[in-house]
file entry.cif (mmCIF, C-alpha atoms)
data_structure
#
loop_
_atom_site.label_atom_id
_atom_site.label_comp_id
_atom_site.auth_asym_id
_atom_site.auth_seq_id
_atom_site.Cartn_x
_atom_site.Cartn_y
_atom_site.Cartn_z
CA MET A 172 -115.05 97.86 100.77
CA THR A 173 -111.43 97.22 101.77
CA ILE A 174 -111.28 100.64 103.41
CA ILE A 175 -114.48 99.94 105.38
CA LYS A 176 -113.20 96.59 106.63
CA THR A 177 -109.88 98.17 107.62
CA GLU A 178 -111.64 100.91 109.58
CA GLU A 179 -113.91 98.41 111.30
CA GLY A 180 -110.91 96.22 112.17
CA VAL A 181 -109.17 99.19 113.77
CA VAL A 182 -112.35 100.08 115.71
CA ALA A 183 -112.71 96.48 116.90
CA ILE A 184 -109.08 96.41 118.10
CA ILE A 185 -109.52 99.72 119.94
CA ILE A 186 -112.72 98.50 121.60
CA GLY A 187 -111.02 95.25 122.58
CA ILE A 188 -108.04 97.05 124.10
CA ALA A 189 -110.38 99.43 125.95
CA ILE A 190 -112.39 96.54 127.42
CA LEU A 191 -109.26 94.65 128.49
CA SER A 192 -107.73 97.81 130.01
CA LEU A 193 -110.93 98.63 131.89
CA THR A 194 -111.21 95.05 133.15
CA TRP A 195 -107.61 95.11 134.38
CA TYR A 196 -108.15 98.49 136.04
CA LEU A 197 -111.33 97.39 137.79
CA THR A 198 -109.94 94.08 139.04
CA THR A 199 -106.59 95.23 140.46
CA THR A 200 -105.49 97.57 143.23
CA PRO A 201 -102.18 99.21 144.28
CA ILE A 202 -102.78 98.57 148.00
CA ASP A 203 -99.78 97.04 149.84
CA PHE A 204 -100.11 93.27 150.41
CA SER A 205 -103.50 93.09 148.68
CA SER A 206 -104.18 89.76 146.99
CA THR A 207 -105.54 91.67 143.97
CA ASN A 208 -102.42 93.82 143.63
CA VAL A 209 -100.33 92.51 140.70
CA GLN A 210 -97.51 94.99 141.27
CA TRP A 211 -94.29 94.29 143.21
CA ASN A 212 -95.90 95.19 146.58
CA GLY A 213 -98.95 92.96 146.14
CA THR A 214 -99.50 89.28 146.96
CA SER A 215 -101.32 88.25 143.78
CA GLN A 216 -98.70 85.66 142.79
CA PHE A 217 -98.95 83.83 146.10
CA PHE A 218 -102.75 83.87 146.29
CA GLY A 219 -102.97 82.88 142.65
CA LYS A 220 -101.30 79.58 143.53
CA ILE A 221 -103.25 78.52 146.60
CA ASP A 222 -106.77 77.24 146.87
CA GLY A 223 -107.58 79.26 149.96
CA THR A 224 -110.85 79.88 151.76
CA ASP A 225 -111.53 83.43 152.98
CA VAL A 226 -112.37 83.77 156.65
CA THR A 227 -114.20 86.97 157.58
CA ASP A 228 -115.52 85.71 160.92
CA VAL A 229 -113.15 83.67 163.11
CA SER A 230 -116.11 82.08 164.89
CA THR A 231 -116.49 79.87 161.79
CA LEU A 232 -113.12 78.24 162.56
CA ASN A 233 -114.81 75.79 164.94
CA SER A 234 -115.91 73.72 161.94
CA TYR A 235 -112.36 72.98 160.72
CA SER A 236 -109.82 70.30 161.59
CA ASN A 237 -106.28 69.68 160.26
CA ALA A 238 -106.44 73.11 158.65
CA THR A 239 -103.95 75.98 158.34
CA LEU A 240 -104.97 79.59 158.95
CA LEU A 241 -102.88 82.31 157.29
CA ILE A 242 -102.76 85.82 158.73
CA ILE A 243 -100.53 88.05 156.61
CA ALA A 244 -99.88 91.70 157.50
CA PRO A 245 -102.74 92.22 159.97
CA THR A 246 -103.92 95.83 160.15
CA ARG A 247 -106.78 95.42 162.63
CA ASP A 248 -106.43 94.41 166.29
CA TYR A 249 -108.02 91.19 167.50
CA THR A 250 -110.59 91.28 170.26
CA GLY A 251 -110.38 88.96 173.24
CA GLY A 252 -113.17 86.82 171.83
CA GLU A 253 -111.47 86.53 168.44
CA ALA A 254 -108.16 85.55 170.04
CA GLU A 255 -109.91 82.90 172.12
CA ALA A 256 -111.62 81.48 169.02
CA ILE A 257 -108.26 81.15 167.26
CA ARG A 258 -106.65 79.62 170.35
CA THR A 259 -109.43 77.01 170.46
CA PHE A 260 -108.87 76.41 166.75
CA LEU A 261 -105.20 75.64 167.48
CA MET A 262 -105.90 73.46 170.49
CA ARG A 263 -107.89 71.10 168.24
CA GLY A 264 -104.80 70.31 166.17
CA ASN A 265 -104.86 73.07 163.54
CA THR A 266 -102.05 75.41 162.48
CA LEU A 267 -101.74 79.20 162.45
CA ILE A 268 -99.13 81.06 160.40
CA LEU A 269 -98.90 84.72 161.44
CA ALA A 270 -96.66 87.01 159.35
CA ASP A 271 -96.33 90.52 160.76
CA ASP A 272 -93.74 93.22 161.34
CA PHE A 273 -96.03 96.12 162.26
CA GLY A 274 -96.93 94.78 165.72
CA THR A 275 -100.68 94.49 165.15
CA GLY A 276 -100.32 90.74 165.52
CA ASN A 277 -99.33 91.23 169.17
CA SER A 278 -102.99 91.82 170.03
CA LEU A 279 -103.68 88.26 168.87
CA LEU A 280 -100.59 86.78 170.54
CA GLN A 281 -101.39 88.44 173.84
CA GLY A 282 -105.05 87.45 173.64
CA MET A 283 -104.01 83.83 173.10
CA ASN A 284 -101.56 83.98 176.05
CA SER A 285 -98.72 83.18 173.66
CA GLY A 286 -95.11 83.38 174.81
CA ILE A 287 -94.13 85.06 171.52
CA THR A 288 -93.90 88.84 171.04
CA LEU A 289 -93.12 90.87 167.94
CA LEU A 290 -90.61 93.61 168.82
CA GLN A 291 -91.18 97.03 167.28
CA ASP A 292 -87.59 97.95 166.52
CA ASN A 293 -85.51 98.72 163.44
CA LEU A 294 -83.77 95.41 162.82
CA SER A 295 -80.68 95.88 160.65
CA SER A 296 -77.69 93.84 159.62
CA ILE A 297 -74.38 93.96 157.83
CA ASP A 298 -75.34 90.57 156.37
CA THR A 299 -77.86 91.73 153.76
CA GLY A 300 -79.24 90.74 150.38
CA TYR A 301 -79.10 94.28 148.99
CA THR A 302 -77.29 97.47 149.91
CA GLU A 303 -79.87 98.54 152.52
CA SER A 304 -79.12 97.46 156.10
CA THR A 305 -82.80 96.50 156.48
CA SER A 306 -82.55 93.90 153.67
CA VAL A 307 -81.68 91.32 156.31
CA LEU A 308 -80.68 87.73 155.54
CA ALA A 309 -81.94 84.93 157.80
CA TYR A 310 -80.92 81.29 158.25
CA PRO A 311 -82.60 78.15 159.66
CA ASN A 312 -81.90 77.29 163.29
CA GLN A 313 -83.40 73.82 163.07
CA SER A 314 -85.38 71.58 160.74
CA HIS A 315 -89.07 72.21 160.07
CA THR A 316 -91.56 71.29 157.34
CA LEU A 317 -91.67 74.89 156.08
CA LEU A 318 -87.86 75.02 155.92
CA ARG A 319 -87.23 72.01 153.70
CA GLY A 320 -84.74 73.08 151.04
CA VAL A 321 -84.46 76.54 152.57
CA ASP A 322 -80.92 77.83 153.12
CA THR A 323 -81.31 81.61 153.23
CA LEU A 324 -84.21 84.05 153.22
CA CYS A 325 -83.89 87.63 152.06
CA LEU A 326 -86.20 89.86 154.12
CA ASP A 327 -87.45 93.42 153.77
CA ARG A 328 -87.52 95.48 156.96
CA PRO A 329 -88.31 92.55 159.26
CA ALA A 330 -89.08 92.81 162.95
CA ALA A 331 -87.49 90.65 165.63
CA ILE A 332 -89.21 87.98 167.70
CA LEU A 333 -88.96 87.49 171.44
CA GLY A 334 -89.85 84.08 172.88
CA GLY A 335 -91.04 80.87 171.31
CA ASN A 336 -88.92 78.15 169.74
CA PRO A 337 -86.53 79.84 167.24
CA LEU A 338 -86.75 78.39 163.72
CA MET A 339 -84.86 81.06 161.78
CA ALA A 340 -82.54 83.84 162.85
CA THR A 341 -80.26 86.53 161.47
CA SER A 342 -76.50 86.27 161.56
CA ARG A 343 -74.62 87.68 164.55
CA LEU A 344 -73.78 90.75 162.46
CA SER A 345 -77.20 92.26 163.21
CA TRP A 346 -78.33 95.05 165.49
CA ILE A 347 -81.31 97.17 166.52
CA ASP A 348 -80.91 100.53 164.84
CA THR A 349 -82.35 102.70 167.62
CA ASP A 350 -81.50 106.05 166.00
CA GLY A 351 -82.39 105.04 162.44
CA ASP A 352 -79.06 106.08 160.89
CA HIS A 353 -78.55 102.65 159.25
CA HIS A 354 -75.17 102.27 160.93
CA PRO A 355 -74.20 100.35 164.10
CA ASP A 356 -73.23 102.77 166.87
CA ASN A 357 -71.33 102.12 170.07
CA ASP A 358 -74.52 101.51 172.04
CA GLU A 359 -76.03 99.25 169.35
CA ASN A 360 -74.50 95.84 169.91
CA PHE A 361 -74.26 93.05 167.39
CA ARG A 362 -76.21 89.87 168.12
CA GLN A 363 -78.44 87.25 166.55
CA TYR A 364 -82.18 87.90 166.32
CA THR A 365 -85.04 85.45 165.80
CA ILE A 366 -87.27 86.19 162.82
CA MET A 367 -89.32 82.96 162.79
CA ALA A 368 -90.50 80.95 165.78
CA ASN A 369 -93.13 78.40 166.68
CA GLU A 370 -95.11 77.35 169.73
CA THR A 371 -97.49 74.49 170.47
CA PHE A 372 -101.09 74.92 171.60
CA GLY A 373 -102.56 71.58 172.56
CA ASP A 374 -102.27 69.51 169.39
CA GLY A 375 -101.84 72.59 167.21
CA GLU A 376 -98.94 74.78 166.16
CA LEU A 377 -98.44 78.54 166.03
CA ILE A 378 -95.80 79.80 163.58
CA VAL A 379 -94.81 83.47 163.66
CA ILE A 380 -92.82 85.07 160.82
CA ALA A 381 -91.57 88.58 161.53
CA ASP A 382 -91.82 89.75 157.93
CA PRO A 383 -95.03 89.66 155.85
CA SER A 384 -93.04 91.03 152.89
CA ILE A 385 -91.84 87.49 152.21
CA PHE A 386 -95.23 87.00 150.52
CA ILE A 387 -95.19 90.02 148.18
CA ASN A 388 -94.57 89.56 144.46
CA GLY A 389 -91.23 91.37 144.49
CA MET A 390 -89.81 89.18 147.26
CA VAL A 391 -91.21 85.86 146.04
CA SER A 392 -89.27 86.29 142.79
CA SER A 393 -86.25 87.98 144.37
CA GLY A 394 -83.67 85.62 142.85
CA ASP A 395 -82.24 82.11 142.92
CA GLN A 396 -79.45 83.09 145.31
CA TRP A 397 -81.99 82.95 148.13
CA SER A 398 -84.65 80.43 149.13
CA ASN A 399 -87.62 82.81 149.17
CA GLN A 400 -89.45 81.01 146.38
CA ARG A 401 -88.80 77.58 147.92
CA PHE A 402 -90.13 78.82 151.26
CA ILE A 403 -93.32 80.05 149.60
CA GLU A 404 -93.66 76.76 147.72
CA ASN A 405 -93.46 74.93 151.05
CA ILE A 406 -96.35 77.01 152.36
CA ILE A 407 -98.33 76.50 149.16
CA GLY A 408 -97.79 72.76 149.58
CA ILE A 409 -99.35 72.67 153.03
CA GLN A 410 -102.04 70.03 153.38
CA PRO A 411 -105.42 71.70 152.68
CA PRO A 412 -107.64 73.23 153.73
CA ILE A 413 -105.82 76.56 153.78
CA LEU A 414 -107.81 79.37 155.39
CA VAL A 415 -107.04 83.08 154.94
CA ASP A 416 -108.11 85.73 157.44
CA THR A 417 -109.21 88.55 155.13
CA ARG A 418 -111.03 90.56 157.80
CA HIS A 419 -107.94 91.60 159.77
CA SER A 420 -105.31 91.27 157.04
CA ALA A 421 -104.16 93.77 154.43
CA THR A 422 -104.34 90.96 151.86
CA GLY A 423 -108.13 91.35 151.85
CA LYS A 424 -108.09 95.09 151.20
CA THR A 425 -109.40 96.47 147.92
CA THR A 426 -110.40 99.84 146.52
CA GLU A 427 -114.02 101.01 146.61
CA ILE A 428 -114.37 100.62 142.86
CA LEU A 429 -113.05 97.04 143.12
CA ASN A 430 -115.55 96.29 145.88
CA TRP A 431 -118.30 97.59 143.59
CA PHE A 432 -117.02 95.47 140.72
CA TYR A 433 -117.01 92.27 142.81
CA SER A 434 -120.45 92.98 144.25
CA SER A 435 -121.81 93.77 140.78
CA ARG A 436 -120.96 90.27 139.60
CA SER A 437 -123.75 88.95 141.81
CA ASN A 438 -126.06 91.93 141.22
CA TYR A 439 -128.44 91.02 138.38
CA PRO A 440 -129.66 94.58 137.58
CA VAL A 441 -126.06 95.73 137.19
CA LYS A 442 -125.29 92.66 135.06
CA PHE A 443 -128.19 93.48 132.75
CA VAL A 444 -127.00 97.09 132.39
CA LEU A 445 -123.43 96.02 131.57
CA ILE A 446 -124.49 93.29 129.15
CA GLY A 447 -127.10 95.59 127.58
CA SER A 448 -124.48 98.29 127.06
CA LEU A 449 -122.16 95.80 125.36
CA VAL A 450 -124.98 94.60 123.09
CA LEU A 451 -125.82 98.20 122.12
CA ILE A 452 -122.17 98.87 121.21
CA ILE A 453 -122.03 95.74 119.03
CA ALA A 454 -125.38 96.62 117.42
CA TRP A 455 -124.15 100.16 116.71
CA VAL A 456 -121.00 98.86 115.00
CA PHE A 457 -122.95 96.43 112.81
CA ASN A 458 -125.58 99.06 111.99
CA LYS A 459 -122.89 101.48 110.90
CA ARG A 460 -121.32 98.79 108.77
CA SER A 461 -124.63 97.95 107.09
CA LYS A 462 -125.33 101.60 106.25
CA ARG A 463 -121.88 102.01 104.72
CA GLU A 464 -122.29 98.87 102.62
CA GLU A 465 -125.72 100.07 101.39
CA GLY A 466 -124.20 103.40 100.46
CA PHE A 467 -121.51 101.75 98.38
CA GLU A 468 -124.02 99.44 96.68
CA LYS A 469 -126.14 102.42 95.59
#
call {"tool": "encode", "arguments": {"input": "entry.cif", "output": "structure tokens"}}
result
Amino acid sequence: MTIIKTEEGVVAIIIGIAILSLTWYLTTTPIDFSSTNVQWNGTSQFFGKIDGTDVTDVSTLNSYSNATLLIIAPTRDYTGGEAEAIRTFLMRGNTLILADDFGTGNSLLQGMNSGITLLQDNLSSIDTGYTESTSVLAYPNQSHTLLRGVDTLCLDRPAAILGGNPLMATSRLSWIDTDGDHHPDNDENFRQYTIMANETFGDGELIVIADPSIFINGMVSSGDQWSNQRFIENIIGIQPPILVDTRHSATGKTTEILNWFYSSRSNYPVKFVLIGSLVLIIAWVFNKRSKREEGFEK
């Protein structure tokens, strides 16, 4: 009997581990910036701390007031109509935080007639957090709600911002690495570059951050020597509601199997199949146990 119980205990542990492993596999993804990516390049830590509302259609923004819209790492251009809807959203006194270094966000900025542009250059610096020249450090230019308690941010391959009201900038030991050799050449002059700026739209505010990587797990917990975590905490502490554009942003991307898993949670036939399969497994284990016990009794 002791042997049977030991075997069944081992089987139960193996089944439990298998279920947990499968659940983890089905509910995570390795996609950069994805909110379901728990690895260093995902944003699961940030999105696990905010009570955000997904926005898949910007036309629904007309029902919000005193809200903040987050657009992190956009990968899809905005149409003229979408840009106008977001501009109207801002004019009513709402806030938009756009974090981008790929340049896709320029389609939104241009469509809104913003004075801010994201430059598509290799921003580098001697003043870095790590050995790479693209691990640029940035410092506040002036006070702002999002910069309370923030002294230094460590960035990862940020872009530079042209226009707007500068809120944070690199040191003057920075340059645009036009040839990509990671070293300042004679024609690559040192200067200060803006990496965070804001602009008013009616009663609303546009905030542009030239590095979406500030939101990824690896950068949020990059160390106490920088203020990355405090900066993220300031964003998390924004007065709700917090809205998240998941249609245009990489944060809303998942794998096909993950999409199936999420959709299956509201699909009753699939639920019945999954639950039925689990019941059959449990019944099989108990049936096997009963047969073994009967065999020993005889």
call {"tool": "closest_residue", "arguments": {"input": "entry.cif", "among": "A:Pro337, A:Gly300, A:Gly276, A:Pro355", "to": "Cys325 in chain A", "atoms": "only C-alpha atoms"}}
result
A:Gly300
call {"tool": "resolve_selection", "arguments": {"input": "entry.cif", "expression": "the PyMOL selection byres ((chain A and resi 406) around 10)", "output": "NGL selection string"}}
result
:A and (217 or 221 or 239 or 241 or 268 or 316-318 or 400-405 or 407-410 or 413)
call {"tool": "residues_around", "arguments": {"input": "entry.cif", "residues": "Thr227 in chain A", "least_positions_apart": "6", "cutoff": "7 Å", "atoms": "all atoms listed in the file", "output": "MDAnalysis selection string"}}
result
chainID A and resid 416:418
call {"tool": "resolve_selection", "arguments": {"input": "entry.cif", "expression": "the PyMOL selection byres ((chain A and resi 225) around 12)", "output": "PyMOL selection string"}}
result
chain A and resi 206+218+221-224+226-229+231-232+239-242+412-420+422-423
call {"tool": "write_last_selection", "arguments": {"input": "entry.cif", "atoms": "C-alpha atoms", "output": "mmCIF file, in the frame of the given file"}}
result
data_model
loop_
_atom_site.group_PDB
_atom_site.id
_atom_site.type_symbol
_atom_site.label_atom_id
_atom_site.label_comp_id
_atom_site.auth_asym_id
_atom_site.auth_seq_id
_atom_site.Cartn_x
_atom_site.Cartn_y
_atom_site.Cartn_z
ATOM 1 C CA SER A 206 -104.180 89.760 146.990
ATOM 2 C CA PHE A 218 -102.750 83.870 146.290
ATOM 3 C CA ILE A 221 -103.250 78.520 146.600
ATOM 4 C CA ASP A 222 -106.770 77.240 146.870
ATOM 5 C CA GLY A 223 -107.580 79.260 149.960
ATOM 6 C CA THR A 224 -110.850 79.880 151.760
ATOM 7 C CA VAL A 226 -112.370 83.770 156.650
ATOM 8 C CA THR A 227 -114.200 86.970 157.580
ATOM 9 C CA ASP A 228 -115.520 85.710 160.920
ATOM 10 C CA VAL A 229 -113.150 83.670 163.110
ATOM 11 C CA THR A 231 -116.490 79.870 161.790
ATOM 12 C CA LEU A 232 -113.120 78.240 162.560
ATOM 13 C CA THR A 239 -103.950 75.980 158.340
ATOM 14 C CA LEU A 240 -104.970 79.590 158.950
ATOM 15 C CA LEU A 241 -102.880 82.310 157.290
ATOM 16 C CA ILE A 242 -102.760 85.820 158.730
ATOM 17 C CA PRO A 412 -107.640 73.230 153.730
ATOM 18 C CA ILE A 413 -105.820 76.560 153.780
ATOM 19 C CA LEU A 414 -107.810 79.370 155.390
ATOM 20 C CA VAL A 415 -107.040 83.080 154.940
ATOM 21 C CA ASP A 416 -108.110 85.730 157.440
ATOM 22 C CA THR A 417 -109.210 88.550 155.130
ATOM 23 C CA ARG A 418 -111.030 90.560 157.800
ATOM 24 C CA HIS A 419 -107.940 91.600 159.770
ATOM 25 C CA SER A 420 -105.310 91.270 157.040
ATOM 26 C CA THR A 422 -104.340 90.960 151.860
ATOM 27 C CA GLY A 423 -108.130 91.350 151.850
#
call {"tool": "resolve_selection", "arguments": {"input": "entry.cif", "expression": "the PyMOL selection byres ((chain A and resi 374-387) around 9)", "output": "PyMOL selection string"}}
result
chain A and resi 203-205+210-217+237+243-244+260-273+285+287+289-290+324-332+335+339+365-373+388-392+399+402-403
call {"tool": "closest_atom_pairs", "arguments": {"input": "entry.cif", "of": "range 274-384 of chain A", "to": "range 248-256 of chain A", "cutoff": "8 Å", "atoms": "all atoms listed in the file", "output": "JSON lines"}}
result
{"residue": "A:Thr275", "atom": "CA", "partner": "A:Asp248", "partner_atom": "CA", "distance": 5.9}
{"residue": "A:Gly276", "atom": "CA", "partner": "A:Asp248", "partner_atom": "CA", "distance": 7.2}
{"residue": "A:Ser278", "atom": "CA", "partner": "A:Tyr249", "partner_atom": "CA", "distance": 5.7}
{"residue": "A:Leu279", "atom": "CA", "partner": "A:Ala254", "partner_atom": "CA", "distance": 5.4}
{"residue": "A:Leu280", "atom": "CA", "partner": "A:Ala254", "partner_atom": "CA", "distance": 7.7}
{"residue": "A:Gly282", "atom": "CA", "partner": "A:Ala254", "partner_atom": "CA", "distance": 5.1}
{"residue": "A:Met283", "atom": "CA", "partner": "A:Ala254", "partner_atom": "CA", "distance": 5.4}
call {"tool": "atom_distance", "arguments": {"input": "entry.cif", "atom1": "CA of Asn360 in chain A", "atom2": "CA of Gly334 in chain A"}}
result
19.6 Å
call {"tool": "atom_distance", "arguments": {"input": "entry.cif", "atom1": "CA of Ala340 in chain A", "atom2": "CA of Ala309 in chain A"}}
result
5.2 Å
call {"tool": "atom_distance", "arguments": {"input": "entry.cif", "atom1": "CA of Leu338 in chain A", "atom2": "CA of Gly394 in chain A"}}
result
22.3 Å
call {"tool": "closest_residue", "arguments": {"input": "entry.cif", "among": "A:Thr341, A:Asn277, A:Ser398, A:Ser295", "to": "Tyr364 in chain A", "atoms": "all atoms listed in the file"}}
result
A:Thr341
call {"tool": "closest_residue", "arguments": {"input": "entry.cif", "among": "A:Val321, A:Leu308, A:Ile257, A:Ile297", "to": "His354 in chain A", "atoms": "all atoms listed in the file"}}
result
A:Ile297
